[in-house]
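Visitor: So here's run-v8.csv, just CSV, C-alpha atoms:
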chain,number,residue,atom,x,y,z
A,926,MET,CA,0.0,0.0,0.0
A,927,THR,CA,1.4,3.4,-1.0
A,928,THR,CA,1.7,6.3,1.5
A,929,ARG,CA,-1.0,8.2,-0.3
A,930,ARG,CA,-3.4,5.3,-0.1
A,931,LYS,CA,-2.6,4.9,3.6
A,932,GLN,CA,-3.4,8.6,4.2
A,933,LYS,CA,-6.6,8.3,2.2
A,934,ARG,CA,-7.7,5.3,4.3
A,935,GLY,CA,-6.8,7.1,7.5
A,936,TRP,CA,-9.1,10.0,6.5
A,937,SER,CA,-11.9,7.6,5.7
A,938,VAL,CA,-11.7,6.0,9.1
A,939,ARG,CA,-11.6,9.3,10.9
A,940,ALA,CA,-14.5,10.6,8.8
A,941,ALA,CA,-16.5,7.5,9.6
A,942,ALA,CA,-15.7,7.8,13.3
A,943,VAL,CA,-16.8,11.5,13.3
A,944,LEU,CA,-20.0,10.6,11.5
A,945,GLY,CA,-20.7,7.8,13.9
A,946,LEU,CA,-20.2,10.1,16.8
A,947,VAL,CA,-22.5,12.8,15.3
A,948,SER,CA,-25.2,10.2,14.6
A,949,THR,CA,-25.0,8.9,18.1
A,950,ALA,CA,-25.2,12.3,19.6
A,951,ALA,CA,-28.1,13.3,17.4
A,952,CYS,CA,-30.0,10.2,18.3
A,953,SER,CA,-29.4,10.2,22.0
A,954,GLY,CA,-32.1,12.0,24.0
A,955,PRO,CA,-31.6,14.4,26.9
A,956,PRO,CA,-30.4,13.0,30.2
A,957,SER,CA,-33.2,11.4,32.2
A,958,SER,CA,-32.6,14.0,34.9
A,959,ASP,CA,-33.7,16.8,32.5
A,960,VAL,CA,-37.4,17.2,33.1
A,961,PHE,CA,-39.3,20.0,31.4
A,962,ARG,CA,-41.7,21.6,33.9
A,963,ILE,CA,-44.4,23.7,32.2
A,964,THR,CA,-45.4,27.0,33.7
A,965,THR,CA,-49.0,27.2,32.9
A,966,PRO,CA,-51.5,30.0,32.9
A,967,LEU,CA,-54.2,29.8,35.6
A,968,GLY,CA,-56.2,26.6,35.5
A,969,PRO,CA,-59.8,26.0,36.6
A,970,PRO,CA,-61.8,27.6,38.2
A,971,THR,CA,-60.2,30.8,36.7
A,972,PHE,CA,-59.9,29.1,33.3
A,973,LYS,CA,-63.6,28.4,33.1
A,974,VAL,CA,-64.5,31.8,31.6
A,975,VAL,CA,-61.7,31.4,29.1
A,976,SER,CA,-62.9,27.9,28.2
A,977,ASP,CA,-66.5,29.2,27.7
A,978,ALA,CA,-65.3,32.0,25.5
A,979,LEU,CA,-63.3,29.6,23.3
A,980,ALA,CA,-65.9,26.9,23.2
A,981,ILE,CA,-68.6,28.9,21.4
A,982,HIS,CA,-66.1,30.3,18.8
A,983,CYS,CA,-63.9,27.3,18.3
A,984,GLY,CA,-65.3,24.3,20.2
A,985,THR,CA,-68.3,23.1,18.1
A,986,LEU,CA,-68.4,19.5,17.0
A,987,ASN,CA,-67.3,20.3,13.5
A,988,CYS,CA,-64.1,21.9,14.7
A,989,HIS,CA,-62.2,21.9,18.0
A,990,GLY,CA,-65.1,20.3,19.7
A,991,ASN,CA,-64.1,17.1,17.9
A,992,ASP,CA,-61.9,14.8,19.8
A,993,ALA,CA,-59.8,14.2,16.6
A,994,ARG,CA,-58.2,17.6,17.1
A,995,ASN,CA,-55.1,18.2,19.1
A,996,MET,CA,-56.6,21.2,20.7
A,997,ARG,CA,-60.0,20.0,21.7
A,998,PHE,CA,-62.8,21.4,23.8
A,999,PHE,CA,-65.2,19.2,25.6
A,1000,GLY,CA,-68.6,20.4,26.8
A,1001,PHE,CA,-71.9,21.8,25.8
A,1002,TYR,CA,-70.9,22.6,22.2
A,1003,GLY,CA,-68.6,19.8,21.6
A,1004,THR,CA,-67.9,16.1,22.4
A,1005,ARG,CA,-68.8,15.1,25.9
A,1006,LEU,CA,-66.4,13.3,28.3
A,1007,ASN,CA,-69.1,11.5,30.2
A,1008,PRO,CA,-70.8,8.8,28.0
A,1009,LYS,CA,-74.1,9.7,29.6
A,1010,ASP,CA,-73.9,13.3,28.5
A,1011,GLN,CA,-75.1,14.6,25.2
A,1012,THR,CA,-73.8,17.5,23.0
A,1013,GLY,CA,-76.2,20.4,23.4
A,1014,GLY,CA,-77.6,18.9,26.6
A,1015,ALA,CA,-76.3,19.7,30.1
A,1016,GLY,CA,-73.7,22.4,30.7
A,1017,THR,CA,-70.0,21.9,30.6
A,1018,THR,CA,-68.8,19.9,33.6
A,1019,ASP,CA,-65.8,20.5,35.9
A,1020,ASP,CA,-64.1,17.4,34.4
A,1021,GLU,CA,-64.6,18.9,31.0
A,1022,TYR,CA,-63.1,22.2,32.0
A,1023,GLU,CA,-60.1,20.4,33.4
A,1024,ALA,CA,-59.7,18.4,30.2
A,1025,ASN,CA,-60.0,21.6,28.1
A,1026,PHE,CA,-57.3,23.2,30.2
A,1027,GLU,CA,-55.0,20.2,29.8
A,1028,SER,CA,-55.6,20.2,26.1
A,1029,ILE,CA,-54.8,23.8,25.5
A,1030,ILE,CA,-51.7,23.9,27.6
A,1031,SER,CA,-50.4,20.9,25.8
A,1032,ILE,CA,-50.2,22.9,22.6
A,1033,GLU,CA,-46.6,24.1,22.3
A,1034,PRO,CA,-46.0,23.9,26.1
A,1035,GLU,CA,-42.4,25.1,26.0
A,1036,ARG,CA,-43.4,28.3,24.1
A,1037,LEU,CA,-46.4,28.8,26.3
A,1038,SER,CA,-44.2,28.5,29.4
A,1039,GLN,CA,-41.9,31.1,28.1
A,1040,ILE,CA,-44.8,33.4,27.4
A,1041,VAL,CA,-46.3,32.9,30.8
A,1042,GLN,CA,-43.0,33.3,32.6
A,1043,SER,CA,-42.2,36.5,30.7
A,1044,GLY,CA,-45.6,38.0,31.2
A,1045,GLY,CA,-46.6,37.8,27.6
A,1046,ALA,CA,-43.5,38.3,25.5
A,1047,ASN,CA,-43.9,37.1,21.9
A,1048,GLU,CA,-47.4,35.8,22.7
A,1049,ASP,CA,-48.3,35.9,19.0
A,1050,LYS,CA,-45.7,33.2,18.4
A,1051,TRP,CA,-47.9,30.6,20.3
A,1052,ILE,CA,-49.6,28.6,17.7
A,1053,VAL,CA,-53.0,28.9,19.3
A,1054,LEU,CA,-52.9,32.7,18.9
A,1055,ALA,CA,-51.1,32.6,15.6
A,1056,LYS,CA,-53.8,30.4,14.1
A,1057,GLY,CA,-56.6,32.0,16.0
A,1058,ARG,CA,-55.6,35.4,14.6
A,1059,GLY,CA,-55.2,34.0,11.1
A,1060,VAL,CA,-51.5,34.8,11.0
A,1061,GLN,CA,-50.8,31.1,10.3
A,1062,HIS,CA,-53.1,29.2,8.0
A,1063,HIS,CA,-56.2,28.2,9.9
A,1064,LYS,CA,-58.9,26.2,8.4
A,1065,GLY,CA,-61.5,28.1,10.5
A,1066,GLY,CA,-60.0,31.4,9.5
A,1067,ALA,CA,-59.3,34.3,11.9
A,1068,ARG,CA,-61.4,34.0,15.0
A,1069,MET,CA,-59.5,36.5,17.1
A,1070,THR,CA,-58.4,40.1,16.4
A,1071,HIS,CA,-55.8,41.8,18.5
A,1072,VAL,CA,-56.0,45.4,19.5
A,1073,ASP,CA,-53.4,47.3,21.4
A,1074,GLY,CA,-54.5,49.3,24.5
A,1075,PRO,CA,-57.9,49.4,26.1
A,1076,LEU,CA,-60.8,47.6,24.4
A,1077,PRO,CA,-62.9,49.9,22.3
A,1078,PRO,CA,-66.6,50.3,23.4
A,1079,GLY,CA,-68.8,47.7,21.8
A,1080,ALA,CA,-65.8,45.7,20.7
A,1081,PRO,CA,-66.8,42.7,18.5
A,1082,THR,CA,-66.5,39.2,19.9
A,1083,ASP,CA,-63.3,38.4,17.9
A,1084,VAL,CA,-61.6,41.3,19.7
A,1085,LEU,CA,-63.1,40.2,23.0
A,1086,LEU,CA,-62.0,36.7,22.5
A,1087,ASP,CA,-58.4,37.8,21.8
A,1088,ALA,CA,-58.4,40.0,24.8
A,1089,CYS,CA,-59.7,37.2,26.9
A,1090,VAL,CA,-57.1,34.6,25.9
A,1091,THR,CA,-54.2,37.0,25.9
A,1092,SER,CA,-55.1,38.2,29.4
A,1093,TRP,CA,-55.2,34.6,30.5
A,1094,ILE,CA,-51.7,33.7,29.3
A,1095,THR,CA,-50.2,36.9,30.6
A,1096,ALA,CA,-52.1,36.9,33.9
A,1097,HIS,CA,-49.7,34.7,35.7
A,1098,THR,CA,-47.2,37.4,36.4
A,1099,ALA,CA,-48.0,40.9,37.8
A,1100,GLY,CA,-47.8,43.9,35.6
A,1101,SER,CA,-49.0,42.3,32.4
A,1102,ALA,CA,-51.9,44.5,31.5
A,1103,ASP,CA,-53.3,43.8,28.1
A,1104,ALA,CA,-56.4,45.1,26.3
A,1105,GLY,CA,-58.1,46.4,29.3
A,1106,ALA,CA,-57.2,43.7,31.8
A,1107,LEU,CA,-56.1,44.7,35.3
A,1108,PRO,CA,-52.4,43.8,35.8
A,1109,GLY,CA,-52.1,40.1,36.5
A,1110,THR,CA,-55.7,39.2,36.1
A,1111,VAL,CA,-57.8,37.5,33.5
A,1112,ASN,CA,-60.0,39.9,31.7
A,1113,VAL,CA,-63.2,38.2,32.9
A,1114,ASP,CA,-65.4,40.9,31.4
A,1115,ALA,CA,-64.0,40.3,27.9
A,1116,CYS,CA,-64.3,36.5,28.4
A,1117,ASN,CA,-67.9,36.7,29.5
A,1118,ARG,CA,-68.8,39.0,26.6
A,1119,ALA,CA,-66.9,36.9,24.1
A,1120,ALA,CA,-68.9,33.8,25.3
A,1121,VAL,CA,-72.2,35.3,24.1
A,1122,VAL,CA,-72.6,35.4,20.3
A,1123,THR,CA,-76.0,36.6,19.2
A,1124,PRO,CA,-77.3,37.7,15.9
A,1125,PRO,CA,-78.1,41.4,15.4
A,1126,GLY,CA,-81.7,42.5,15.8
A,1127,ILE,CA,-83.9,45.1,17.3
A,1128,PRO,CA,-86.2,43.8,20.1
A,1129,CYS,CA,-89.8,44.0,19.0
A,1130,ALA,CA,-90.6,45.9,22.2
A,1131,MET,CA,-88.4,48.7,21.0
A,1132,ALA,CA,-89.3,49.0,17.3
A,1133,PRO,CA,-92.5,49.0,15.2
A,1134,PRO,CA,-93.2,45.9,13.1
A,1135,PRO,CA,-91.6,44.4,11.2
A,1136,CYS,CA,-89.3,44.1,14.1
A,1137,THR,CA,-86.1,42.1,13.7
A,1138,ASP,CA,-85.8,40.5,17.1
A,1139,TRP,CA,-84.2,37.1,16.6
A,1140,THR,CA,-85.9,35.7,19.7
A,1141,GLN,CA,-89.4,36.4,18.3
B,749,MET,CA,-46.8,13.1,-26.4
B,750,ARG,CA,-45.1,12.0,-23.2
B,751,THR,CA,-45.7,15.4,-21.6
B,752,CYS,CA,-49.4,15.2,-22.4
B,753,ALA,CA,-49.6,11.7,-21.0
B,754,PHE,CA,-47.8,12.8,-17.9
B,755,LEU,CA,-50.1,15.8,-17.5
B,756,ALA,CA,-53.2,13.7,-18.0
B,757,LEU,CA,-51.9,11.3,-15.3
B,758,LEU,CA,-51.3,14.2,-12.9
B,759,LEU,CA,-54.8,15.6,-13.5
B,760,THR,CA,-56.3,12.2,-12.9
B,761,VAL,CA,-54.4,11.7,-9.7
B,762,GLY,CA,-55.1,15.3,-8.6
B,763,CYS,CA,-58.8,14.9,-9.0
B,764,ALA,CA,-59.2,11.7,-7.1
B,765,ASP,CA,-60.0,12.5,-3.5
B,766,PRO,CA,-59.9,9.3,-1.5
B,767,VAL,CA,-61.3,10.9,1.7
B,768,ARG,CA,-64.3,12.3,-0.1
B,769,SER,CA,-64.8,9.1,-2.1
B,770,ASP,CA,-64.7,7.0,1.1
B,771,ALA,CA,-67.1,9.4,2.9
B,772,ILE,CA,-69.6,9.3,0.0
B,773,ASP,CA,-69.3,5.5,-0.4
B,774,LYS,CA,-70.2,5.1,3.3
B,775,LEU,CA,-73.5,6.9,2.6
B,776,GLY,CA,-74.6,4.0,0.4
B,777,GLY,CA,-76.7,4.2,-2.8
B,778,GLU,CA,-79.9,6.1,-3.5
B,779,ALA,CA,-83.1,4.9,-1.8
B,780,GLN,CA,-85.4,2.8,-4.0
B,781,GLY,CA,-87.8,5.0,-5.9
B,782,VAL,CA,-86.2,8.3,-5.0
B,783,PRO,CA,-84.2,9.7,-7.9
B,784,ALA,CA,-81.3,12.1,-7.3
B,785,GLY,CA,-82.8,15.5,-6.7
B,786,PRO,CA,-84.2,17.7,-3.9
B,787,LEU,CA,-86.0,14.8,-2.2
B,788,HIS,CA,-83.1,12.4,-2.1
B,789,ARG,CA,-80.9,11.3,0.8
B,790,PRO,CA,-82.7,13.0,3.7
B,791,GLY,CA,-80.6,13.2,6.8
B,792,GLN,CA,-77.3,12.9,4.9
B,793,PRO,CA,-74.5,15.5,4.7
B,794,CYS,CA,-75.6,17.3,1.5
B,795,VAL,CA,-72.6,19.6,1.1
B,796,LEU,CA,-70.2,16.6,1.0
B,797,CYS,CA,-71.3,16.1,-2.6
B,798,HIS,CA,-72.7,19.5,-3.4
B,799,ASP,CA,-69.8,21.8,-2.6
B,800,GLY,CA,-68.7,22.3,-6.2
B,801,ASN,CA,-65.9,19.8,-6.1
B,802,GLY,CA,-68.0,16.6,-5.4
B,803,PRO,CA,-70.3,14.7,-7.7
B,804,GLY,CA,-73.4,16.7,-6.9
B,805,SER,CA,-74.3,19.1,-9.8
B,806,MET,CA,-75.9,21.8,-7.7
B,807,VAL,CA,-73.6,23.8,-5.5
B,808,LEU,CA,-75.0,24.4,-2.0
B,809,LEU,CA,-74.0,26.8,0.7
B,810,PHE,CA,-76.1,25.0,3.3
B,811,GLY,CA,-78.2,21.9,3.2
B,812,GLY,CA,-80.0,19.7,5.7
B,813,THR,CA,-83.1,17.9,6.8
B,814,VAL,CA,-85.7,18.9,9.4
B,815,TYR,CA,-87.9,16.3,11.2
B,816,GLN,CA,-91.2,16.9,13.0
B,817,SER,CA,-90.0,16.2,16.5
B,818,PHE,CA,-87.0,15.1,18.6
B,819,ASP,CA,-88.1,11.5,18.9
B,820,THR,CA,-89.5,10.8,15.4
B,821,LYS,CA,-88.0,10.7,11.9
B,822,VAL,CA,-91.1,12.0,10.2
B,823,PRO,CA,-90.1,14.7,7.8
B,824,MET,CA,-91.1,18.3,8.6
B,825,VAL,CA,-92.9,19.7,5.6
B,826,GLY,CA,-93.3,23.4,5.0
B,827,ALA,CA,-91.1,24.7,7.9
B,828,ILE,CA,-89.1,27.8,7.3
B,829,VAL,CA,-85.4,27.6,7.9
B,830,HIS,CA,-84.4,31.2,8.8
B,831,PHE,CA,-80.8,32.3,8.5
B,832,ARG,CA,-79.5,35.6,9.8
B,833,ASP,CA,-75.9,36.7,9.3
B,834,SER,CA,-73.8,38.9,11.6
B,835,ALA,CA,-74.8,42.0,9.7
B,836,GLY,CA,-78.5,41.2,10.1
B,837,LYS,CA,-79.1,40.0,6.6
B,838,ASP,CA,-81.8,37.3,6.5
B,839,TYR,CA,-82.4,34.4,4.2
B,840,ARG,CA,-85.4,32.0,4.4
B,841,THR,CA,-86.0,28.7,2.7
B,842,ALA,CA,-88.7,26.1,3.2
B,843,THR,CA,-88.4,22.3,3.8
B,844,ASN,CA,-89.9,20.1,1.1
B,845,CYS,CA,-91.9,16.9,1.5
B,846,ALA,CA,-88.7,14.9,2.4
B,847,GLY,CA,-87.9,17.5,5.1
B,848,ASN,CA,-84.9,18.7,3.0
B,849,PHE,CA,-83.9,22.3,2.6
B,850,PHE,CA,-81.0,23.9,0.9
B,851,VAL,CA,-79.4,27.3,0.1
B,852,VAL,CA,-77.9,27.5,-3.3
B,853,ASP,CA,-74.5,29.0,-3.4
B,854,GLY,CA,-74.7,32.6,-4.6
B,855,ASP,CA,-78.3,33.1,-3.4
B,856,TYR,CA,-77.1,34.2,0.0
B,857,GLU,CA,-73.7,35.7,0.7
B,858,PRO,CA,-73.6,36.1,4.4
B,859,ASN,CA,-71.3,37.9,6.7
B,860,TRP,CA,-70.1,35.1,9.0
B,861,PRO,CA,-71.0,33.8,11.5
B,862,VAL,CA,-74.5,32.8,10.5
B,863,PHE,CA,-77.3,32.0,13.0
B,864,VAL,CA,-80.2,29.7,12.1
B,865,LYS,CA,-83.6,28.7,13.4
B,866,VAL,CA,-86.6,26.7,12.2
B,867,GLU,CA,-90.0,28.4,12.1
B,868,TYR,CA,-93.4,26.7,11.8
B,869,ALA,CA,-96.8,28.1,12.7
B,870,ILE,CA,-99.6,25.7,13.2
B,871,THR,CA,-103.3,26.5,14.1
B,872,VAL,CA,-104.7,24.3,16.8
B,873,ASN,CA,-108.5,24.1,17.3
B,874,LEU,CA,-109.2,24.3,21.0
B,875,PRO,CA,-112.7,24.3,22.6
B,876,THR,CA,-112.2,28.1,23.1
B,877,GLY,CA,-111.4,28.6,19.4
B,878,PRO,CA,-108.5,28.3,17.0
B,879,VAL,CA,-105.1,29.2,18.4
B,880,THR,CA,-102.0,29.8,16.3
B,881,GLN,CA,-98.9,28.3,17.8
B,882,LEU,CA,-95.4,29.3,16.6
B,883,LEU,CA,-92.6,26.8,16.9
B,884,SER,CA,-89.1,28.2,16.4
B,885,PRO,CA,-86.3,26.1,17.8
B,886,THR,CA,-83.0,28.0,17.5
B,887,MET,CA,-79.5,26.6,17.0
B,888,THR,CA,-77.5,27.6,20.0
B,889,SER,CA,-74.1,27.9,18.3
B,890,PRO,CA,-73.3,30.1,15.3
B,891,ILE,CA,-72.0,28.7,12.0
B,892,TYR,CA,-68.6,30.1,11.1
B,893,GLU,CA,-67.0,30.4,7.7
B,894,THR,CA,-64.6,27.7,6.5
B,895,ASP,CA,-61.7,27.8,4.1
B,896,GLY,CA,-63.9,26.1,1.6
B,897,SER,CA,-62.8,22.5,2.1
B,898,THR,CA,-65.7,20.4,3.3
B,899,VAL,CA,-64.4,17.0,2.8
B,900,SER,CA,-62.9,16.4,6.2
B,901,GLY,CA,-66.2,17.3,7.7
B,902,LEU,CA,-64.6,20.1,9.6
B,903,ARG,CA,-66.6,23.3,9.4
B,904,ASP,CA,-68.9,21.4,7.0
B,905,HIS,CA,-72.0,23.3,6.0
B,906,SER,CA,-74.0,20.1,6.0
B,907,CYS,CA,-76.3,20.2,9.0
B,908,ALA,CA,-76.1,16.4,9.2
B,909,TYR,CA,-72.4,16.4,10.1
B,910,CYS,CA,-73.3,17.5,13.7
B,911,HIS,CA,-77.0,16.7,13.6
B,912,SER,CA,-76.8,13.0,12.9
B,913,ASP,CA,-78.7,10.3,14.8
B,914,PRO,CA,-78.6,9.0,17.4
B,915,PRO,CA,-77.8,12.0,19.7
B,916,GLY,CA,-74.9,11.3,22.0
B,917,THR,CA,-71.5,12.3,23.1
B,918,ALA,CA,-70.6,13.6,19.7
B,919,SER,CA,-73.9,14.4,18.0
B,920,VAL,CA,-76.7,16.7,18.7
B,921,GLY,CA,-79.2,14.5,17.0
B,922,HIS,CA,-81.4,15.4,14.0
B,923,VAL,CA,-82.9,18.9,13.5
B,924,TYR,CA,-86.4,19.0,14.7
B,925,THR,CA,-89.3,21.4,15.1
B,926,ALA,CA,-91.2,20.1,18.2
B,927,PRO,CA,-89.6,18.8,21.4
B,928,GLN,CA,-89.7,15.3,22.7
B,929,HIS,CA,-93.1,13.7,23.4
B,930,SER,CA,-94.8,16.5,21.4
B,931,THR,CA,-98.5,16.3,20.6
B,932,VAL,CA,-98.4,19.0,18.0
B,933,PRO,CA,-101.0,17.9,15.3
B,934,PHE,CA,-98.7,18.2,12.2
B,935,PRO,CA,-100.5,17.7,8.9
B,936,PRO,CA,-99.9,14.3,7.1
B,937,VAL,CA,-96.8,13.9,5.1
B,938,SER,CA,-96.6,12.7,1.5
B,939,CYS,CA,-94.3,13.2,-1.5
B,940,GLN,CA,-96.9,11.6,-3.8
Please rewrite the model in this file as structure tokens.

Guide:
Amino acid sequence: MTTRRKQKRGWSVRAAAVLGLVSTAACSGPPSSDVFRITTPLGPPTFKVVSDALAIHCGTLNCHGNDARNMRFFGFYGTRLNPKDQTGGAGTTDDEYEANFESIISIEPERLSQIVQSGGANEDKWIVLAKGRGVQHHKGGARMTHVDGPLPPGAPTDVLLDACVTSWITAHTAGSADAGALPGTVNVDACNRAAVVTPPGIPCAMAPPPCTDWTQ
Amino acid sequence: MRTCAFLALLLTVGCADPVRSDAIDKLGGEAQGVPAGPLHRPGQPCVLCHDGNGPGSMVLLFGGTVYQSFDTKVPMVGAIVHFRDSAGKDYRTATNCAGNFFVVDGDYEPNWPVFVKVEYAITVNLPTGPVTQLLSPTMTSPIYETDGSTVSGLRDHSCAYCHSDPPGTASVGHVYTAPQHSTVPFPPVSCQ
């Protein structure tokens, strides 16, 4: 074997060793002592108002109320947890609120943790908000609209829903006022208003016929 | 020549949608004596075929079936299905003798979400005289816009996707006019 061939062979062996090392390193997981601990936003009972707001906009059977979805909402509008319950029957149960909380915090938990820990930094990078706002492709379109500062009077439900969810993920730390929420609190008012979606109409008691009250 | 053949192959492959085909196959064939048309396939998800990409020739925005009551599958004839969009624009259509109703695409261009209820007025003869009773069950959740793909069933504008029988943990049950154990004297139903 010539010196040049020997050198070539030496390089090949070294390259193979390096590749092997890289592959091994790439395939090995983190040490078993490395445990990721999620920092979650507030769970039930605080989460209930957030869950109710999300459920009517996103949690019907044909969307996130379907248990085939990663983010799934159980309850009145969607699939039920208890086999004895029926969609559209009894109200959402405590078990369902708990399941909804577990479901939503399981979506990009590392990023959600960072957002919660930082009091809301880069909250729009969390896929739930990115899709909900239509920034990323979302089959259901944009269901939330973000506004900076206090909520405008008579804000539509997509603005209220965004304020509700955003206040929830930033409420864990103090000083995270967003869209009208008090620092460190969930914007319960926005959540409650977002949870009511009604068609426009003038109550018949307030207008001459033909009145346009949907309830009539 | 080869390019054409390749393009033809691509088109064929592109048009075949196994998810839609499977979903349609599961619905089974037409009922005996009921040709394809407005009376066919009551209770089935209309827009699965009638969304402009499926085998249905007519393109529908909404389609569904209304039954007389919660606990029967007798078709509700002559009920008004009343839609209202978020800008207050209304659209009404009536159920036919199969209980079917539909909104043809282009006839109604709503601002989403859309709200819907069924309306039916019936005159009941009481000993004190005739009384008109208005039944108007209202859907509790609004219907939101989709990105146009109905095949997966997600955000499907077929009422039957959510309103299938039997009611349970993942279905509301069929659309009905009168509640359970109703004694409303609906007129007889016939498509003859």

Visitor: Which polymer residues, protein or nucleic acid, are no farther than 12 Å from (-70.9, 16.1, 33.3), counting only C-alpha atoms, as number ranges by chain?

Guide: A: 999-1001, 1004-1012, 1014-1024; B: 917

Visitor: Leaving out B:Glu893 and any residue of its chain fewer than 5 positions from it, which residues lie within 7 Å of it when counting all atoms listed in the file, given as a compact mmCIF listing (two decimals) with C-alpha atoms, in the frame of the given file?

Guide:
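Everything below was put into out17.txt:
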# COMPACT_ATOMS: atom_id res chain seq x y z
CA GLY A 1065 -61.50 28.10 10.50
CA TRP B 860 -70.10 35.10 9.00
CA PRO B 861 -71.00 33.80 11.50

Visitor: For a quick check of understanding, using only C-alpha atoms, which of B:Asn844, B:Ser805, B:Thr886, B:Gln881 has the smallest distance to chain A?

Guide: B:Thr886

Visitor: If I take atom CA of A:Asp1138 and atom CA of A:Gly1126, how far is one from the other in Å, to one decimal?

Guide: 4.7 Å

Visitor: So, with all atoms listed in the file as the atoms that count, which of B:Val807, B:Val852, B:Ile772, B:Ala846 lies closest to B:His788?

Guide: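 Closest residue, counting all atoms listed in the file: B:Ala846.
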
Visitor: Check every residue of chain A for an atom within 12 Å of chain B, counting all atoms listed in the file, and provide those that qualify as number ranges by chain.

Guide: A: 980-994, 998-1015, 1059, 1062-1068, 1081-1083, 1120-1127, 1136-1141

Visitor: With all atoms listed in the file as the atoms that count, which of B:Asn873, B:Pro878, B:Phe818, B:Val795 lies nearest to B:Asp853?

Guide: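 For B:Asp853, the nearest of the given residues is B:Val795.
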
Visitor: Kindly give the distance, in Å, that separates atom CA of A:Gly954 and atom CA of A:Glu1027, rounded to a single decimal.

Guide: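 Here the two named atoms are 25.0 Å from each other.
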
Visitor: Report, in Å to a single decimal, how far apart atom CA of A:Ser957 and atom CA of A:Ser1028 are.

Guide: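 Spanning atom CA of A:Ser1028 to atom CA of A:Ser957 is a straight-line distance of 24.8 Å.
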
Visitor: N, CA and C atoms for stretch 782-796 of chain B, written as a short mmCIF file (atom, residue, chain, number, x, y, z; two decimals), in the frame of the given file, could you do that?

Guide:
data_model
loop_
_atom_site.label_atom_id
_atom_site.label_comp_id
_atom_site.auth_asym_id
_atom_site.auth_seq_id
_atom_site.Cartn_x
_atom_site.Cartn_y
_atom_site.Cartn_z
N VAL B 782 -86.47 6.84 -5.21
CA VAL B 782 -86.20 8.30 -5.00
C VAL B 782 -85.01 8.68 -5.88
N PRO B 783 -85.27 9.34 -7.00
CA PRO B 783 -84.20 9.70 -7.90
C PRO B 783 -83.34 10.84 -7.27
N ALA B 784 -82.13 11.02 -7.78
CA ALA B 784 -81.30 12.10 -7.30
C ALA B 784 -82.04 13.44 -7.58
N GLY B 785 -82.06 14.29 -6.60
CA GLY B 785 -82.80 15.50 -6.70
C GLY B 785 -83.08 16.10 -5.32
N PRO B 786 -83.96 17.06 -5.22
CA PRO B 786 -84.20 17.70 -3.90
C PRO B 786 -84.76 16.84 -2.84
N LEU B 787 -85.34 15.70 -3.24
CA LEU B 787 -86.00 14.80 -2.20
C LEU B 787 -85.05 13.71 -1.78
N HIS B 788 -83.88 13.61 -2.40
CA HIS B 788 -83.10 12.40 -2.10
C HIS B 788 -82.21 12.59 -0.86
N ARG B 789 -81.87 11.43 -0.31
CA ARG B 789 -80.90 11.30 0.80
C ARG B 789 -81.20 12.22 1.98
N PRO B 790 -82.43 12.23 2.51
CA PRO B 790 -82.70 13.00 3.70
C PRO B 790 -81.81 12.58 4.87
N GLY B 791 -81.36 13.52 5.64
CA GLY B 791 -80.60 13.20 6.80
C GLY B 791 -79.09 12.99 6.54
N GLN B 792 -78.71 13.06 5.26
CA GLN B 792 -77.30 12.90 4.90
C GLN B 792 -76.60 14.22 4.73
N PRO B 793 -75.27 14.24 4.84
CA PRO B 793 -74.50 15.50 4.70
C PRO B 793 -74.50 16.01 3.26
N CYS B 794 -75.42 16.90 2.93
CA CYS B 794 -75.60 17.30 1.50
C CYS B 794 -74.38 17.93 0.89
N VAL B 795 -73.69 18.78 1.67
CA VAL B 795 -72.60 19.60 1.10
C VAL B 795 -71.36 18.72 0.80
N LEU B 796 -71.35 17.52 1.33
CA LEU B 796 -70.20 16.60 1.00
C LEU B 796 -70.13 16.40 -0.48
#
